[in-house]
Amino acid sequence: MTNYSNKFAILSHILPPSSSGQAIMLYRLLKERSKNDYILISRQNYNNSDIDNTGSETLPAKYYFLCSDAKPMRVYSYPVIQHILNIALSVIPRVKARANCIADILRKERPYCLLACTADLLDMPAGYIACKKAGIPFVPYIFDDYVYQWTGSSRLFARVVAWFVMPRSFRIIGPNTYIAKEFKRRYGKDMDIIHNPCDMPKLPIDVIKNSIKLDSREINIVYTGAVYRANNDSFINLLKAIDLIDNKNIKLHIFTGQSKDELQKMGISHNCLEVYGHVNQSEIAWVLQQATILFLPLAFKSPVQEVITTSAPSKMGEYMSMAKPIFVNAPSNSFISWYFKHHKAAMVVDENNPQIIANKLRELISNPGLQKKLGQKARSIAESDFDLKIIRNKFDQLLNSYQAIITKH
């Protein structure tokens with residue numbers, strides 16, 4: 001029997017207290033656990049005072065900073081050959097170097113399993129190899145589809161890695177039934193589902209002094225988070241729809257780490273648009289509570305369109321917990337369109353059509369009764385599907401079951 005400790009390890013390119021959705025989800029799942037229950041591994045150095053710390057508090061457990069990867073070699077060649085040589089001469093040496101560093105940590109700490117999170121191309125293969133070297137079970141934690149969040153030669157590399165690693169993993173964790181079905185189809189492997197959790201705040205939210213206050217006389221459409229290739233065309237749709245409605249009281253408030261100039265380069269610009277900096281997690285509920293409508297977009301034309309089908313944005317439960325009407329603009333084959341239509345918990349437009357968005361938005365704005373109905377339904381569903389206490393308990397039970405199986409054998 002292998003001599004495991006009573007802790008597990010998490011490998012993620014980003015960790016609490018960073019403001020990334022992935023880091024915030026990990027913080028929520030782990031914050032009540034003892035510091036002796038787990039260790040955290042990242043390529044980022046969280047002892048660095050310059051690290052982003054606006055998402056949460058630092059967790060009490062031990063943080064490990066990975067040693068530097070092997071330096072990539074520059075390749076000059078024809079495009080197809082360059083892709084192949086780039087993987088052979090640049091990516092593979094970096095994977096080996098990172099795997100060796102992770103393996104050293106695993107041998108020292110002897111966790112009963114390693115949870116390797118997505119959003120870093122090299123963590124998945126490096127984590128798997130490290131686990132093999134150290135004799136530790138490997139568990140991919142799929143926040144987004146590992147293969148299709150990449151493009152070009154990176155996607156080719158990720159496809160090969162996933163084809164080999166996923167079926168050979170001890171277990172796989174993911175956020176929703178859509179991605180679970182997709183992984184079962186691709187890799188023949190079942191997925192343990194852990195929804196992205198959120199706190200269920202007591203409503204209404206108390207006023208936070210010195211925080212942003214929106215004008216309650218206006219129709220405030222609010223979005224929080226990154227604007228990027230997985231949702232940017234939906235914002236353009238919304239702004240075109242607002243023009244069609246021609247109501248000067250409609251304001252779109254985007255709370256993000258990106259500047260107004262960066263959004264403008266993506267074609268997201270309008271006189272109704274207000275852009276704010278990133279909101280600290282301690283204030284996010286107060287900001288969301290001031291919304292007339294919460295906007296939840298996903299792109300219709302994106303280089304990572306396959307990711308959009310299975311995506312479960314971390315803000316989803318957070319929006320629902322506010323008991324505010326949610327306006328979804330996302331493709332018909334996406335998880336979030338299906339979910340909100342199935343539960344009748346949002347106004348959903350699953351077409352890339354500003355005119356239809358304008359019609360549905362006008363309907364929602366003019367009907368306070370509908371706003372209340374949708375908000376209350378969303379809150380009710382969130383209490384069963386996303387409540388932090390329920391999800392954390394499920395996560396803890398899942399890891400306990402892993403430990404029981406692993407240590408028994």
# chains A, B, ... in the order shown; residues from 1 in each chain; ligands from 1
>>> residues_around(residues="A:Ile284", least_positions_apart="6", cutoff="12 Å", atoms="only C-alpha atoms", output="list in words")
Ser19, Thr54, Gly55, Ser56, Cys198, Asp199, Pro201, Ile205, Asp206, Val207, Ile208, Ser211, Ile212, Lys213, Val222, Tyr223, Thr224, Gly225, Phe255, Thr256, Gly277, His278, Gln290, Ala291, Lys315, Glu318, Tyr319, Ser321 and Met322 of chain A
>>> write_last_selection(atoms="N, CA and C atoms", output="tab-separated table (two decimals), in the first residue's frame")
chain	number	residue	atom	x	y	z
A	19	SER	N	-8.32	37.45	-8.92
A	19	SER	CA	-9.71	37.80	-9.23
A	19	SER	C	-10.32	36.93	-10.33
A	54	THR	N	-7.31	40.88	-5.53
A	54	THR	CA	-8.61	41.55	-5.42
A	54	THR	C	-9.78	40.56	-5.40
A	55	GLY	N	-9.51	39.27	-5.61
A	55	GLY	CA	-10.61	38.32	-5.72
A	55	GLY	C	-11.08	37.75	-4.40
A	56	SER	N	-10.17	37.57	-3.46
A	56	SER	CA	-10.53	36.94	-2.19
A	56	SER	C	-9.38	37.13	-1.22
A	198	CYS	N	-21.81	29.59	-5.29
A	198	CYS	CA	-21.85	31.00	-4.87
A	198	CYS	C	-22.54	31.09	-3.52
A	199	ASP	N	-22.23	32.14	-2.79
A	199	ASP	CA	-22.93	32.43	-1.55
A	199	ASP	C	-24.36	32.84	-1.88
A	201	PRO	N	-26.67	35.34	-0.62
A	201	PRO	CA	-26.76	36.47	0.31
A	201	PRO	C	-28.20	36.72	0.75
A	205	ILE	N	-29.37	43.63	-0.10
A	205	ILE	CA	-27.99	43.83	0.35
A	205	ILE	C	-27.87	45.19	1.02
A	206	ASP	N	-27.17	45.23	2.13
A	206	ASP	CA	-26.94	46.50	2.81
A	206	ASP	C	-26.06	47.42	1.94
A	207	VAL	N	-26.33	48.70	2.02
A	207	VAL	CA	-25.56	49.69	1.28
A	207	VAL	C	-24.11	49.66	1.76
A	208	ILE	N	-23.18	49.65	0.82
A	208	ILE	CA	-21.76	49.71	1.15
A	208	ILE	C	-21.26	51.14	0.94
A	211	SER	N	-18.88	52.89	-2.04
A	211	SER	CA	-18.89	52.01	-3.20
A	211	SER	C	-19.68	52.66	-4.33
A	212	ILE	N	-19.64	52.04	-5.50
A	212	ILE	CA	-20.33	52.59	-6.68
A	212	ILE	C	-21.83	52.52	-6.48
A	213	LYS	N	-22.50	53.61	-6.80
A	213	LYS	CA	-23.96	53.66	-6.69
A	213	LYS	C	-24.53	54.01	-8.07
A	222	VAL	N	-26.40	45.35	-16.13
A	222	VAL	CA	-25.10	45.18	-15.48
A	222	VAL	C	-24.45	43.88	-15.92
A	223	TYR	N	-23.14	43.98	-16.19
A	223	TYR	CA	-22.32	42.80	-16.47
A	223	TYR	C	-21.04	42.92	-15.65
A	224	THR	N	-20.61	41.81	-15.05
A	224	THR	CA	-19.34	41.80	-14.32
A	224	THR	C	-18.43	40.70	-14.89
A	225	GLY	N	-17.17	41.02	-15.08
A	225	GLY	CA	-16.21	40.01	-15.54
A	225	GLY	C	-15.51	40.41	-16.82
A	255	PHE	N	-18.41	46.00	-15.44
A	255	PHE	CA	-17.39	46.01	-14.39
A	255	PHE	C	-16.34	44.96	-14.77
A	256	THR	N	-15.15	45.40	-15.13
A	256	THR	CA	-14.16	44.50	-15.72
A	256	THR	C	-12.76	45.02	-15.47
A	277	GLY	N	-13.73	49.70	-13.22
A	277	GLY	CA	-12.67	48.73	-12.94
A	277	GLY	C	-13.21	47.48	-12.27
A	278	HIS	N	-12.32	46.56	-12.01
A	278	HIS	CA	-12.71	45.32	-11.35
A	278	HIS	C	-13.28	45.60	-9.97
A	290	GLN	N	-28.02	46.37	-7.49
A	290	GLN	CA	-28.52	47.63	-8.03
A	290	GLN	C	-28.99	47.52	-9.49
A	291	ALA	N	-28.74	46.36	-10.09
A	291	ALA	CA	-29.10	46.18	-11.50
A	291	ALA	C	-30.61	46.11	-11.69
A	315	LYS	N	-19.95	33.28	-12.93
A	315	LYS	CA	-20.89	34.29	-12.44
A	315	LYS	C	-22.35	33.85	-12.49
A	318	GLU	N	-23.98	33.36	-9.14
A	318	GLU	CA	-23.93	34.66	-8.47
A	318	GLU	C	-25.05	35.57	-8.96
A	319	TYR	N	-25.25	35.62	-10.28
A	319	TYR	CA	-26.35	36.39	-10.85
A	319	TYR	C	-27.69	35.89	-10.32
A	321	SER	N	-28.48	34.33	-7.67
A	321	SER	CA	-28.70	34.53	-6.23
A	321	SER	C	-29.26	35.91	-5.91
A	322	MET	N	-29.18	36.85	-6.86
A	322	MET	CA	-29.61	38.23	-6.62
A	322	MET	C	-31.12	38.43	-6.74
>>> residues_around(residues="stretch 158-166 of chain A", least_positions_apart="5", cutoff="9 Å", atoms="only C-alpha atoms", output="MDAnalysis selection string")
chainID A and resid 121:122 124:125 128 139:140 146:148 150 153 171:172 183 186:189
>>> select_by_dssp(residues="stretch 312-365 of chain A", states="helix (DSSP H, G or I)", output="VMD selection string")
chain A and resid 315 to 320 335 to 343 354 to 365
>>> write_last_selection(atoms="N, CA and C atoms", output="short mmCIF file (atom, residue, chain, number, x, y, z; two decimals), in the first residue's frame")
data_model
loop_
_atom_site.label_atom_id
_atom_site.label_comp_id
_atom_site.auth_asym_id
_atom_site.auth_seq_id
_atom_site.Cartn_x
_atom_site.Cartn_y
_atom_site.Cartn_z
N LYS A 315 -19.95 33.28 -12.93
CA LYS A 315 -20.89 34.29 -12.44
C LYS A 315 -22.35 33.85 -12.49
N MET A 316 -22.61 32.70 -13.08
CA MET A 316 -23.98 32.24 -13.33
C MET A 316 -24.79 32.15 -12.02
N GLY A 317 -24.27 31.40 -11.06
CA GLY A 317 -24.98 31.26 -9.79
C GLY A 317 -25.05 32.57 -9.03
N GLU A 318 -23.98 33.36 -9.14
CA GLU A 318 -23.93 34.66 -8.47
C GLU A 318 -25.05 35.57 -8.96
N TYR A 319 -25.25 35.62 -10.28
CA TYR A 319 -26.35 36.39 -10.85
C TYR A 319 -27.69 35.89 -10.32
N MET A 320 -27.88 34.57 -10.36
CA MET A 320 -29.16 33.98 -9.97
C MET A 320 -29.49 34.26 -8.50
N PHE A 335 -24.94 25.32 -23.02
CA PHE A 335 -25.48 24.88 -21.73
C PHE A 335 -26.34 25.95 -21.08
N ILE A 336 -25.87 27.21 -21.11
CA ILE A 336 -26.62 28.23 -20.37
C ILE A 336 -27.96 28.53 -21.03
N SER A 337 -28.04 28.48 -22.35
CA SER A 337 -29.35 28.67 -23.01
C SER A 337 -30.30 27.55 -22.61
N TRP A 338 -29.81 26.32 -22.69
CA TRP A 338 -30.65 25.17 -22.29
C TRP A 338 -31.08 25.30 -20.84
N TYR A 339 -30.14 25.61 -19.96
CA TYR A 339 -30.42 25.63 -18.52
C TYR A 339 -31.50 26.64 -18.17
N PHE A 340 -31.36 27.86 -18.67
CA PHE A 340 -32.31 28.90 -18.29
C PHE A 340 -33.67 28.70 -18.96
N LYS A 341 -33.68 28.17 -20.18
CA LYS A 341 -34.96 27.86 -20.82
C LYS A 341 -35.65 26.70 -20.11
N HIS A 342 -34.88 25.69 -19.74
CA HIS A 342 -35.43 24.52 -19.05
C HIS A 342 -36.08 24.91 -17.73
N HIS A 343 -35.42 25.81 -17.00
CA HIS A 343 -35.94 26.21 -15.69
C HIS A 343 -36.84 27.44 -15.76
N PRO A 354 -29.91 41.34 -33.32
CA PRO A 354 -30.20 42.50 -32.47
C PRO A 354 -31.69 42.88 -32.42
N GLN A 355 -32.42 42.65 -33.51
CA GLN A 355 -33.83 43.02 -33.52
C GLN A 355 -34.61 42.16 -32.53
N ILE A 356 -34.34 40.87 -32.49
CA ILE A 356 -35.03 40.00 -31.54
C ILE A 356 -34.62 40.36 -30.11
N ILE A 357 -33.35 40.67 -29.92
CA ILE A 357 -32.90 41.11 -28.59
C ILE A 357 -33.64 42.37 -28.17
N ALA A 358 -33.78 43.32 -29.09
CA ALA A 358 -34.49 44.56 -28.78
C ALA A 358 -35.93 44.29 -28.39
N ASN A 359 -36.60 43.40 -29.11
CA ASN A 359 -38.00 43.08 -28.81
C ASN A 359 -38.14 42.46 -27.43
N LYS A 360 -37.26 41.50 -27.12
CA LYS A 360 -37.33 40.81 -25.82
C LYS A 360 -36.90 41.73 -24.68
N LEU A 361 -35.92 42.57 -24.94
CA LEU A 361 -35.47 43.51 -23.92
C LEU A 361 -36.56 44.53 -23.63
N ARG A 362 -37.23 45.01 -24.67
CA ARG A 362 -38.34 45.94 -24.50
C ARG A 362 -39.47 45.30 -23.68
N GLU A 363 -39.75 44.04 -23.97
CA GLU A 363 -40.78 43.31 -23.23
C GLU A 363 -40.43 43.20 -21.75
N LEU A 364 -39.18 42.90 -21.47
CA LEU A 364 -38.75 42.75 -20.08
C LEU A 364 -38.76 44.08 -19.34
N ILE A 365 -38.29 45.13 -19.99
CA ILE A 365 -38.24 46.45 -19.36
C ILE A 365 -39.64 46.96 -19.02
#
>>> residues_around(residues="stretch 265-276 of chain A", least_positions_apart="5", cutoff="8 Å", atoms="only C-alpha atoms", output="ChimeraX atom specification")
/A:232,235-236,239,248,250-256,259-260
>>> residues_around(residues="A:Ser314", least_positions_apart="3", cutoff="8 Å", atoms="only C-alpha atoms", output="ChimeraX atom specification")
/A:21-22,25,196-197,317-318
>>> atom_distance(atom1="atom CA of A:Gln149", atom2="atom CA of A:Lys184")
18.2 Å
>>> select_by_dssp(residues="stretch 233-353 of chain A", states="strand (DSSP E)", output="list in words")
Ile250, Lys251, Leu252, His253, Ile254, Phe255, Leu273, Glu274, Val275, Tyr276, Ile293, Leu294, Phe295, Leu296, Pro297, Ile326, Phe327, Val328, Asn329, Met347, Val348 and Val349 of chain A
>>> write_last_selection(atoms="C-alpha atoms", output="tab-separated table (two decimals), in the first residue's frame")
chain	number	residue	atom	x	y	z
A	250	ILE	CA	-30.96	52.51	-20.67
A	251	LYS	CA	-27.40	52.22	-19.38
A	252	LEU	CA	-25.00	49.31	-19.81
A	253	HIS	CA	-22.59	49.05	-16.89
A	254	ILE	CA	-19.57	46.77	-17.40
A	255	PHE	CA	-17.39	46.01	-14.39
A	273	LEU	CA	-21.89	52.43	-21.92
A	274	GLU	CA	-20.24	52.93	-18.53
A	275	VAL	CA	-17.02	51.03	-17.86
A	276	TYR	CA	-15.71	50.48	-14.33
A	293	ILE	CA	-31.28	43.51	-15.49
A	294	LEU	CA	-28.20	41.27	-15.33
A	295	PHE	CA	-26.63	40.44	-18.69
A	296	LEU	CA	-25.20	36.95	-19.34
A	297	PRO	CA	-23.62	36.72	-22.83
A	326	ILE	CA	-31.27	37.79	-16.12
A	327	PHE	CA	-31.06	38.42	-19.85
A	328	VAL	CA	-29.20	35.63	-21.66
A	329	ASN	CA	-27.86	36.02	-25.20
A	347	MET	CA	-35.21	35.94	-20.62
A	348	VAL	CA	-33.27	33.94	-23.24
A	349	VAL	CA	-32.47	35.02	-26.79
>>> closest_residue(among="A:Cys101, A:Ile406, A:Cys117, A:Ala312", to="A:Gly135", atoms="only C-alpha atoms")
A:Ile406
>>> residues_around(residues="A:Ala299", least_positions_apart="6", cutoff="6 Å", atoms="only C-alpha atoms", output="ChimeraX atom specification")
/A:230-231,233-234
>>> write_last_selection(atoms="N, CA and C atoms", output="short mmCIF file (atom, residue, chain, number, x, y, z; two decimals), in the first residue's frame")
data_model
loop_
_atom_site.label_atom_id
_atom_site.label_comp_id
_atom_site.auth_asym_id
_atom_site.auth_seq_id
_atom_site.Cartn_x
_atom_site.Cartn_y
_atom_site.Cartn_z
N ALA A 230 -14.90 34.91 -26.09
CA ALA A 230 -16.01 34.00 -25.79
C ALA A 230 -17.33 34.70 -25.56
N ASN A 231 -17.35 36.05 -25.62
CA ASN A 231 -18.62 36.75 -25.40
C ASN A 231 -18.72 38.11 -26.10
N ASP A 233 -19.08 39.35 -29.17
CA ASP A 233 -20.08 39.71 -30.19
C ASP A 233 -21.47 39.85 -29.61
N SER A 234 -21.71 39.22 -28.46
CA SER A 234 -23.00 39.37 -27.80
C SER A 234 -23.18 40.78 -27.23
#
>>> residues_around(residues="A:His409", least_positions_apart="2", cutoff="10 Å", atoms="only C-alpha atoms", output="ChimeraX atom specification")
/A:1-2,404-407
>>> write_last_selection(atoms="N, CA and C atoms", output="mmCIF file, in the first residue's frame")
data_model
loop_
_atom_site.group_PDB
_atom_site.id
_atom_site.type_symbol
_atom_site.label_atom_id
_atom_site.label_comp_id
_atom_site.auth_asym_id
_atom_site.auth_seq_id
_atom_site.Cartn_x
_atom_site.Cartn_y
_atom_site.Cartn_z
ATOM 1 N N MET A 1 0.845 -1.211 0.000
ATOM 2 C CA MET A 1 0.000 0.000 0.000
ATOM 3 C C MET A 1 0.879 1.259 0.000
ATOM 4 N N THR A 2 0.569 2.205 -0.889
ATOM 5 C CA THR A 2 1.338 3.447 -0.971
ATOM 6 C C THR A 2 1.095 4.295 0.279
ATOM 7 N N ALA A 404 -10.982 7.379 0.246
ATOM 8 C CA ALA A 404 -11.318 6.043 0.740
ATOM 9 C C ALA A 404 -10.941 4.967 -0.278
ATOM 10 N N ILE A 405 -11.230 5.236 -1.553
ATOM 11 C CA ILE A 405 -10.898 4.258 -2.601
ATOM 12 C C ILE A 405 -9.386 4.139 -2.773
ATOM 13 N N ILE A 406 -8.713 5.285 -2.802
ATOM 14 C CA ILE A 406 -7.267 5.293 -3.064
ATOM 15 C C ILE A 406 -6.480 4.629 -1.929
ATOM 16 N N THR A 407 -6.767 5.000 -0.698
ATOM 17 C CA THR A 407 -6.001 4.458 0.428
ATOM 18 C C THR A 407 -6.318 3.002 0.683
#
>>> atom_distance(atom1="atom CA of A:His195", atom2="atom CA of A:Trp286")
23.1 Å
>>> closest_residue(among="A:Ile10, A:Gln281, A:Cys113, A:Ala330", to="A:Ile24", atoms="only C-alpha atoms")
A:Gln281
>>> residues_around(residues="A:Arg392", least_positions_apart="6", cutoff="8 Å", atoms="only C-alpha atoms", output="VMD selection string")
chain A and resid 28 to 30 197
>>> write_last_selection(atoms="C-alpha atoms", output="compact mmCIF listing (two decimals), in the first residue's frame")
# COMPACT_ATOMS: atom_id res chain seq x y z
CA ARG A 28 -15.13 29.19 -2.10
CA LEU A 29 -14.66 25.42 -2.15
CA LEU A 30 -11.60 25.45 0.12
CA PRO A 197 -20.79 27.62 -6.22
>>> closest_residue(among="A:Phe65, A:Phe386, A:Phe170, A:Phe143", to="A:Ile105", atoms="only C-alpha atoms")
A:Phe65
>>> closest_residue(among="A:Glu109, A:Asp145, A:Asp120, A:Asp37", to="A:Gln403", atoms="only C-alpha atoms")
A:Asp37
>>> closest_residue(among="A:Ser384, A:Ser311, A:Ser216, A:Asn249", to="A:Gly174", atoms="only C-alpha atoms")
A:Ser311
>>> closest_residue(among="A:Leu115, A:Leu106, A:Leu370, A:Leu40", to="A:Leu399", atoms="only C-alpha atoms")
A:Leu115
